[in-house]
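Take a look at the structure set out below.
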Amino acid sequence: MSTPFFAGAASAPDTRKVTLMWRVAAGALVVAAAAVMLHRLGAAEVCGANEAIEGTFVQQMVEHGALLFPLENGSAPMYKPPLFHWTAAALDRIGHSDRVTAFNLRLPSALYAIAGIVLTMGFAWRSLGAGGGLLAGMILAASFQYVSEGRVGRVDMTLCFFETLTLMSALWVLEPGERVVEQPRASARAVALRYVFALALGLGVLAKGPVAVVLPVGAIVVFLARERRLGESTDLFTPGSLFVAIVTGLGWYVACAVGRRYGFLGRQLESENFGRFFGALGFMPPWYYLKPILLNSLPLSLFVPFAVAAALRGEPEAMAEDSVASSAARRARLEARMLATFWLLTVLFFTVAAYKRRAYLLPLWPASAFLLAWGAGALARRGTIGRAVQGALAVSCAGLMVFNFIYLPRHEAAACDGGSFRSAASEIDRAVGADEPLYLYGFADDPAPLLFYLDRDAPRIGGKLGDAPPGYVILRESAWNEHQAEALDLKPVLSVRAGGDRLLLLRRGGAVGEARPPALVGACLTAPTLQE
């Protein structure tokens with residue numbers, strides 16, 4: 001008897017040999033996904049400003065012990081909650097690392113991404129069968145946006161994992177059909193899952209703020225209302241579970257208030273959440289997400305809207321009378337509707353928001369992987385052509401994983417062309433003593449990659465360049481050409497190229513110490529540009 005790639009839990013041959021085969025295949029997929037995520041993870045420099053900003057906060061935690069209230073460049077409070085950064089600090093502590101590198105900055109995202117694949121595969125395994133679970137894991141591991149964001153040291157993958165855990169733990173509690181009569185074992189399992197749900201909800205807030213509550217809980221409420229099961233919300237939201245969610249999610253914010261760190265609260269809530277939604281950080285057109293929704297993970301992303309539509313067309317569970325369908329099939333249909341509701345609500349929410357980023361779509365991918373595997377299984381049950389489509393999907397996912405393994409490290413390295421920030425920072429550190437003052441002048445944008453590799457504070461100064469305090473000043477060559485006439489007592493001592501810009505290091509009399517070799521000092525004072 002042949003075993004189809006997709007098989008419902010009730011129809012799969014229950015033999016040890018087949019079970020072992022599927023488990024070995026699942027283990028191989030996890031190993032392959034880990035290889036894609038970790039392959040040359042630290043090869044490319046930290047050259048993006050947003051990733052570098054996160055890196056400076058992780059540096060403050062790992063290298064300076066500022067676990068609660070780290071500051072960027074000595075003054076700017078962190079603009080995201082600290083769960084990602086705490087994870088990075090914990091991993092560095094476990095690995096006995098006291099320096100933040102590109103690799104260990106990105107490692108938390110990669111591990112959360114791998115955990116998300118395992119979670120999605122295990123969730124789908126229960127209702128879609130072993131083959132369906134494996135296919136869902138393959139789809140997620142092959143999705144370009146998911147894998148590429150898993151290789152970036154930012155908070156987005158942390159949020160993605162905990163939003164996914166929130167939704168899937170909720171669905172584990174909300175079984176299809178009539179509510180199960182409480183039994184000791186069932187009750188213990190339900191209680192445990194309820195607190196997993198609450199903990200995931202709180203940790204999502206600790207990863208990126210209130211959006212981690214608004215979207216999953218909104219989807220759950222809309223889904224239960226549509227299913228005419230709104231009363232079952234008490235299975236999730238009890239006084240105990242709400243207490244766990246609130247304490248976990250709001251504990252750090254309360255610490256900010258108690259510690260009078262109002263700058264952290266203002267930046268977190270006003271600027272980064274309400275400001276983004278209502279336009280303080282800029283506006284994008286409503287159709288901004290049309291392209292990333294369809295094209296961010298070709299060809300898989302083209303089929304996701306069809307799977308969402310198919311799931312939402314299904315008849316509400318409370319109105320369905322299907323005595324033929326197996327328990328697993330009914331569960332899969334319910335889960336597909338719930339995840340499709342989350343997908344649609346998330347797209348609508350961020351379409352209405354004024355400020356948009358493509359990475360905001362990242363939490364849709366675990367749900368999309370389940371929906372595609374569910375839809376492929378429905379096609380496979382209809383005949384030979386459907387099974388061929390399902391097989392082609394599995395083969396395509398394997399090919400996409402190979403493509404991501406080869407392409408992504410090269411793509412990441414190419415994005416850092418234009419001069420090495422690491423080399424530039426090394427040159428500057430050799431020229432400026434550790435106890436000598438260093439400043440930034442005239443940077444309209446955030447030179448975070450340079451600060452990350454300098455691994456020291458370099459406060460910004462304004463006004464006339466000639467009024468700069470004693471010490472060293474970093475500025476762009478274009479700014480020097482513009483302000484040179486007003487700064488006759490500032491002398492170029494070093495020229496480096498970083499991120500496509502020519503940067504100059506100026507020295508003004510009164511700097512503490514003498515960090516440069518005499519030959520270099522003399523040479524630097526004779527020409528404004530000396531080395532690459």
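A note on labels: chains of the structure tokens are A, B, ... as shown, every chain counts residues from 1, and ligands are counted from 1 in their shown order.
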
DSSP-assigned alpha helix (DSSP H) members of stretch 156-317 of chain A, reported as a count of residues only
106

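Taking only stretch 350-480 of chain A, the residues that DSSP calls strand (DSSP E) from the backbone come to Leu438, Tyr439, Leu440, Tyr441, Arg460, Ile461, Gly471, Tyr472, Val473, Ile474, Leu475 and Arg476 of chain A.
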
Residues of the last selection are to be written out with all heavy atoms, as a CSV table (one decimal), in the first residue's frame.
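This went into selection-v2.csv:
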```
chain,number,residue,atom,x,y,z
A,438,LEU,N,35.7,61.5,21.0
A,438,LEU,CA,35.4,61.3,19.6
A,438,LEU,C,33.9,61.8,19.4
A,438,LEU,O,33.0,61.4,20.1
A,438,LEU,CB,35.5,59.8,19.2
A,438,LEU,CG,35.2,59.4,17.8
A,438,LEU,CD1,36.2,60.0,16.8
A,438,LEU,CD2,35.2,57.9,17.7
A,439,TYR,N,33.7,62.5,18.3
A,439,TYR,CA,32.4,63.1,18.0
A,439,TYR,C,32.0,62.8,16.5
A,439,TYR,O,32.8,62.5,15.7
A,439,TYR,CB,32.4,64.6,18.2
A,439,TYR,CG,32.9,65.0,19.6
A,439,TYR,CD1,34.2,65.4,19.9
A,439,TYR,CD2,32.0,65.0,20.7
A,439,TYR,CE1,34.6,65.7,21.1
A,439,TYR,CE2,32.4,65.3,22.0
A,439,TYR,CZ,33.7,65.7,22.2
A,439,TYR,OH,34.1,66.1,23.5
A,440,LEU,N,30.7,63.0,16.3
A,440,LEU,CA,30.2,62.9,14.9
A,440,LEU,C,29.6,64.3,14.5
A,440,LEU,O,29.0,65.0,15.4
A,440,LEU,CB,29.0,61.9,14.9
A,440,LEU,CG,29.3,60.5,15.2
A,440,LEU,CD1,28.0,59.7,15.2
A,440,LEU,CD2,30.2,59.9,14.1
A,441,TYR,N,29.8,64.7,13.3
A,441,TYR,CA,29.3,66.0,12.8
A,441,TYR,C,28.7,65.8,11.4
A,441,TYR,O,29.2,65.2,10.5
A,441,TYR,CB,30.5,67.0,12.7
A,441,TYR,CG,30.0,68.3,12.3
A,441,TYR,CD1,29.5,69.3,13.2
A,441,TYR,CD2,30.1,68.7,10.9
A,441,TYR,CE1,29.0,70.5,12.8
A,441,TYR,CE2,29.7,70.0,10.5
A,441,TYR,CZ,29.1,70.9,11.4
A,441,TYR,OH,28.7,72.1,11.0
A,460,ARG,N,27.0,63.2,18.9
A,460,ARG,CA,26.8,64.2,17.8
A,460,ARG,C,27.0,65.6,18.3
A,460,ARG,O,26.6,66.0,19.4
A,460,ARG,CB,25.4,64.1,17.2
A,460,ARG,CG,25.1,62.8,16.5
A,460,ARG,CD,23.6,62.8,16.1
A,460,ARG,NE,23.2,61.5,15.4
A,460,ARG,CZ,23.2,61.4,14.1
A,460,ARG,NH1,23.5,62.4,13.4
A,460,ARG,NH2,22.8,60.3,13.6
A,461,ILE,N,27.6,66.4,17.4
A,461,ILE,CA,27.8,67.9,17.8
A,461,ILE,C,27.1,68.7,16.6
A,461,ILE,O,27.1,68.2,15.5
A,461,ILE,CB,29.2,68.3,18.0
A,461,ILE,CG1,30.1,67.9,16.7
A,461,ILE,CG2,29.8,67.6,19.2
A,461,ILE,CD1,31.5,68.4,16.8
A,471,GLY,N,39.4,67.2,20.6
A,471,GLY,CA,39.3,65.8,20.4
A,471,GLY,C,39.3,65.5,18.9
A,471,GLY,O,39.9,66.2,18.1
A,472,TYR,N,38.5,64.5,18.6
A,472,TYR,CA,38.4,64.0,17.2
A,472,TYR,C,37.0,64.1,16.7
A,472,TYR,O,36.1,63.9,17.4
A,472,TYR,CB,39.0,62.6,17.1
A,472,TYR,CG,40.4,62.4,17.4
A,472,TYR,CD1,40.9,62.3,18.7
A,472,TYR,CD2,41.4,62.5,16.3
A,472,TYR,CE1,42.2,62.2,18.9
A,472,TYR,CE2,42.7,62.4,16.6
A,472,TYR,CZ,43.1,62.2,17.9
A,472,TYR,OH,44.5,62.1,18.2
A,473,VAL,N,36.9,64.4,15.4
A,473,VAL,CA,35.5,64.5,14.8
A,473,VAL,C,35.5,63.7,13.5
A,473,VAL,O,36.4,63.7,12.7
A,473,VAL,CB,35.2,66.0,14.4
A,473,VAL,CG1,33.8,66.1,13.8
A,473,VAL,CG2,35.3,66.9,15.7
A,474,ILE,N,34.4,62.8,13.4
A,474,ILE,CA,34.2,62.1,12.2
A,474,ILE,C,33.1,62.8,11.4
A,474,ILE,O,32.1,63.2,11.9
A,474,ILE,CB,33.7,60.6,12.5
A,474,ILE,CG1,34.7,59.9,13.4
A,474,ILE,CG2,33.5,59.9,11.2
A,474,ILE,CD1,34.2,58.6,13.9
A,475,LEU,N,33.4,63.0,10.1
A,475,LEU,CA,32.4,63.6,9.2
A,475,LEU,C,32.6,63.1,7.8
A,475,LEU,O,33.6,62.6,7.4
A,475,LEU,CB,32.4,65.1,9.3
A,475,LEU,CG,33.5,65.9,8.5
A,475,LEU,CD1,33.2,67.4,8.5
A,475,LEU,CD2,34.9,65.6,9.1
A,476,ARG,N,31.6,63.3,6.9
A,476,ARG,CA,31.7,63.0,5.5
A,476,ARG,C,32.6,64.0,4.8
A,476,ARG,O,32.7,65.2,5.2
A,476,ARG,CB,30.4,62.9,4.9
A,476,ARG,CG,29.5,61.8,5.3
A,476,ARG,CD,28.3,61.7,4.4
A,476,ARG,NE,27.5,60.4,4.7
A,476,ARG,CZ,26.5,60.4,5.6
A,476,ARG,NH1,26.1,61.5,6.2
A,476,ARG,NH2,25.9,59.2,5.8
```

Atom CA of A:Leu91 and atom CA of A:Ala44, how far apart in Å?
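Atom-to-atom, atom CA of A:Ala44 to atom CA of A:Leu91, that is 20.3 Å.
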
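Residues within 12 Å of A:Leu224, counting only C-alpha atoms and excluding same-chain residues fewer than 5 positions away, are Ala170, Leu171, Leu174, Glu175, Pro176, Val217, Gly218, Ala219, Arg229, Leu230, Gly231, Glu232, Ser233, Thr234, Asp235, Leu236, Pro316, Glu317, Ala318, Leu334, Glu335, Arg337, Met338, Thr341 and Phe342 of chain A.
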
Minimum-distance residue to A:Ala353, chosen among A:Ala190, A:Met284, A:Ala487, A:Val100 (using only C-alpha atoms):
A:Met284

Distance query stretch 479-483 of chain A at most 10 Å, only C-alpha atoms, self and fewer than 3 positions along chain excluded, as a ChimeraX atom specification:
/A:441-443,464-466,474-476,486-488,492,503-506,528

Could you take the residues named above and write them with C-alpha atoms, as an mmCIF file, in the first residue's frame?
```
data_model
loop_
_atom_site.group_PDB
_atom_site.id
_atom_site.type_symbol
_atom_site.label_atom_id
_atom_site.label_comp_id
_atom_site.auth_asym_id
_atom_site.auth_seq_id
_atom_site.Cartn_x
_atom_site.Cartn_y
_atom_site.Cartn_z
ATOM 1 C CA TYR A 441 29.331 65.968 12.818
ATOM 2 C CA GLY A 442 26.859 66.542 9.998
ATOM 3 C CA PHE A 443 25.300 63.072 9.724
ATOM 4 C CA LYS A 464 29.687 75.486 13.475
ATOM 5 C CA LEU A 465 32.327 72.881 12.839
ATOM 6 C CA GLY A 466 34.934 75.326 14.087
ATOM 7 C CA ILE A 474 34.197 62.084 12.156
ATOM 8 C CA LEU A 475 32.358 63.611 9.212
ATOM 9 C CA ARG A 476 31.724 62.983 5.543
ATOM 10 C CA GLU A 486 35.187 77.831 9.240
ATOM 11 C CA ALA A 487 37.365 75.189 10.922
ATOM 12 C CA LEU A 488 40.959 76.211 10.276
ATOM 13 C CA PRO A 492 42.348 65.782 8.697
ATOM 14 C CA LEU A 503 34.750 59.706 5.861
ATOM 15 C CA LEU A 504 37.357 61.992 7.363
ATOM 16 C CA LEU A 505 38.728 61.940 10.879
ATOM 17 C CA LEU A 506 39.633 65.439 12.055
ATOM 18 C CA PRO A 528 43.368 65.162 3.637
#
```

Report as a PDB file with C-alpha atoms, in the first residue's frame all protein, DNA and RNA residues lying within 12 Å of A:Ala415, evaluated on only C-alpha atoms, omitting residues in the same chain fewer than 5 positions from it.
```
ATOM      1  CA  ALA A  43      30.028  36.434   6.869  1.00  0.00           C
ATOM      2  CA  ALA A  44      28.411  39.705   5.818  1.00  0.00           C
ATOM      3  CA  GLU A  45      29.114  42.819   7.849  1.00  0.00           C
ATOM      4  CA  VAL A  46      26.449  44.562   9.875  1.00  0.00           C
ATOM      5  CA  CYS A  47      25.929  47.290   7.307  1.00  0.00           C
ATOM      6  CA  GLY A  48      22.215  48.096   7.635  1.00  0.00           C
ATOM      7  CA  LEU A 408      21.344  34.501   0.561  1.00  0.00           C
ATOM      8  CA  PRO A 409      24.945  34.726   1.886  1.00  0.00           C
ATOM      9  CA  ARG A 410      26.060  36.198  -1.442  1.00  0.00           C
ATOM     10  CA  SER A 420      33.875  48.157   4.944  1.00  0.00           C
ATOM     11  CA  GLY A 499      29.194  52.289   3.117  1.00  0.00           C
ATOM     12  CA  GLY A 500      29.753  54.222  -0.083  1.00  0.00           C
TER      13      GLY A 500
END
```

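Using only C-alpha atoms, the shortest contact distance between A:Ala311 and any of A:Arg23, A:Lys17, A:Arg333, A:Arg507 is found at A:Arg333.
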
Skipping near chain neighbours, those fewer than 6 positions away, what residues fall within 10 Å of A:Gly137 using only C-alpha atoms, listed as a VMD selection string?
chain A and resid 26 29 to 30 33 114 116 to 125 131 366 369 to 370 373 397

Using only C-alpha atoms for the distances, tell me which of A:Leu300, A:Ala394, A:Val247, A:Pro447 is nearest to A:Gln145.
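The shortest atom-to-atom distance to A:Gln145 comes from A:Leu300.
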
Tell me, as a ChimeraX atom specification, which residues lie within 9 Å of A:Pro437, counting only C-alpha atoms; anything in the same chain fewer than 2 positions away does not count.
/A:432-435,439,457-458,469-473,511-512

Let's have the selection written as a compact mmCIF listing (two decimals), in the first residue's frame, with N, CA, C and O atoms.
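Writing done, so here's again20.txt:
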```
# COMPACT_ATOMS: atom_id res chain seq x y z
N VAL A 432 42.57 56.87 17.28
CA VAL A 432 42.00 57.58 18.43
C VAL A 432 42.17 56.70 19.66
O VAL A 432 41.72 55.55 19.69
N GLY A 433 42.79 57.22 20.66
CA GLY A 433 42.96 56.47 21.90
C GLY A 433 41.64 56.18 22.59
O GLY A 433 40.65 56.90 22.41
N ALA A 434 41.63 55.14 23.40
CA ALA A 434 40.40 54.72 24.06
C ALA A 434 39.85 55.79 24.99
O ALA A 434 38.64 55.88 25.20
N ASP A 435 40.73 56.65 25.54
CA ASP A 435 40.27 57.68 26.47
C ASP A 435 40.20 59.05 25.83
O ASP A 435 40.01 60.06 26.50
N TYR A 439 33.71 62.52 18.27
CA TYR A 439 32.41 63.11 17.99
C TYR A 439 32.01 62.84 16.54
O TYR A 439 32.83 62.51 15.69
N ASP A 457 31.03 55.24 22.30
CA ASP A 457 30.16 56.38 22.07
C ASP A 457 30.89 57.43 21.25
O ASP A 457 32.09 57.67 21.44
N ALA A 458 30.14 58.07 20.36
CA ALA A 458 30.66 59.20 19.58
C ALA A 458 29.51 60.21 19.48
O ALA A 458 28.75 60.19 18.51
N PRO A 469 34.50 70.74 20.17
CA PRO A 469 35.37 70.67 21.34
C PRO A 469 36.67 69.95 21.01
O PRO A 469 36.80 69.29 19.97
N PRO A 470 37.67 70.05 21.87
CA PRO A 470 38.94 69.34 21.63
C PRO A 470 38.70 67.85 21.50
O PRO A 470 37.88 67.26 22.21
N GLY A 471 39.42 67.23 20.61
CA GLY A 471 39.29 65.80 20.39
C GLY A 471 39.28 65.49 18.91
O GLY A 471 39.93 66.16 18.10
N TYR A 472 38.51 64.48 18.55
CA TYR A 472 38.44 64.01 17.17
C TYR A 472 37.00 64.07 16.68
O TYR A 472 36.05 63.85 17.44
N VAL A 473 36.86 64.37 15.39
CA VAL A 473 35.54 64.50 14.78
C VAL A 473 35.51 63.65 13.51
O VAL A 473 36.42 63.73 12.68
N ALA A 511 43.39 67.06 22.36
CA ALA A 511 43.00 65.67 22.54
C ALA A 511 43.90 65.01 23.57
O ALA A 511 45.09 65.32 23.67
N VAL A 512 43.35 64.12 24.33
CA VAL A 512 44.10 63.45 25.38
C VAL A 512 44.94 62.34 24.78
O VAL A 512 44.45 61.51 24.03
```

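Computed from the coordinates, the atom CA of A:Phe277 to atom CA of A:Leu203 distance equals 21.5 Å.
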
As an exercise, work out the distance from atom CA of A:Arg226 to atom CA of A:Lys208 in Å and give it to one decimal place.
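Separating atom CA of A:Arg226 from atom CA of A:Lys208 is a distance of 28.4 Å.
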
Which residue is closest to A:Ser326? Choose from A:Phe303, A:Arg154, A:Gly129, A:Glu436 and count only C-alpha atoms.
A:Gly129

Residue among A:Leu242, A:Met401, A:Val58, A:Leu454 lying closest to A:Phe421, counting only C-alpha atoms
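Once distances to A:Phe421 are computed over only C-alpha atoms, the minimum belongs to A:Leu454.
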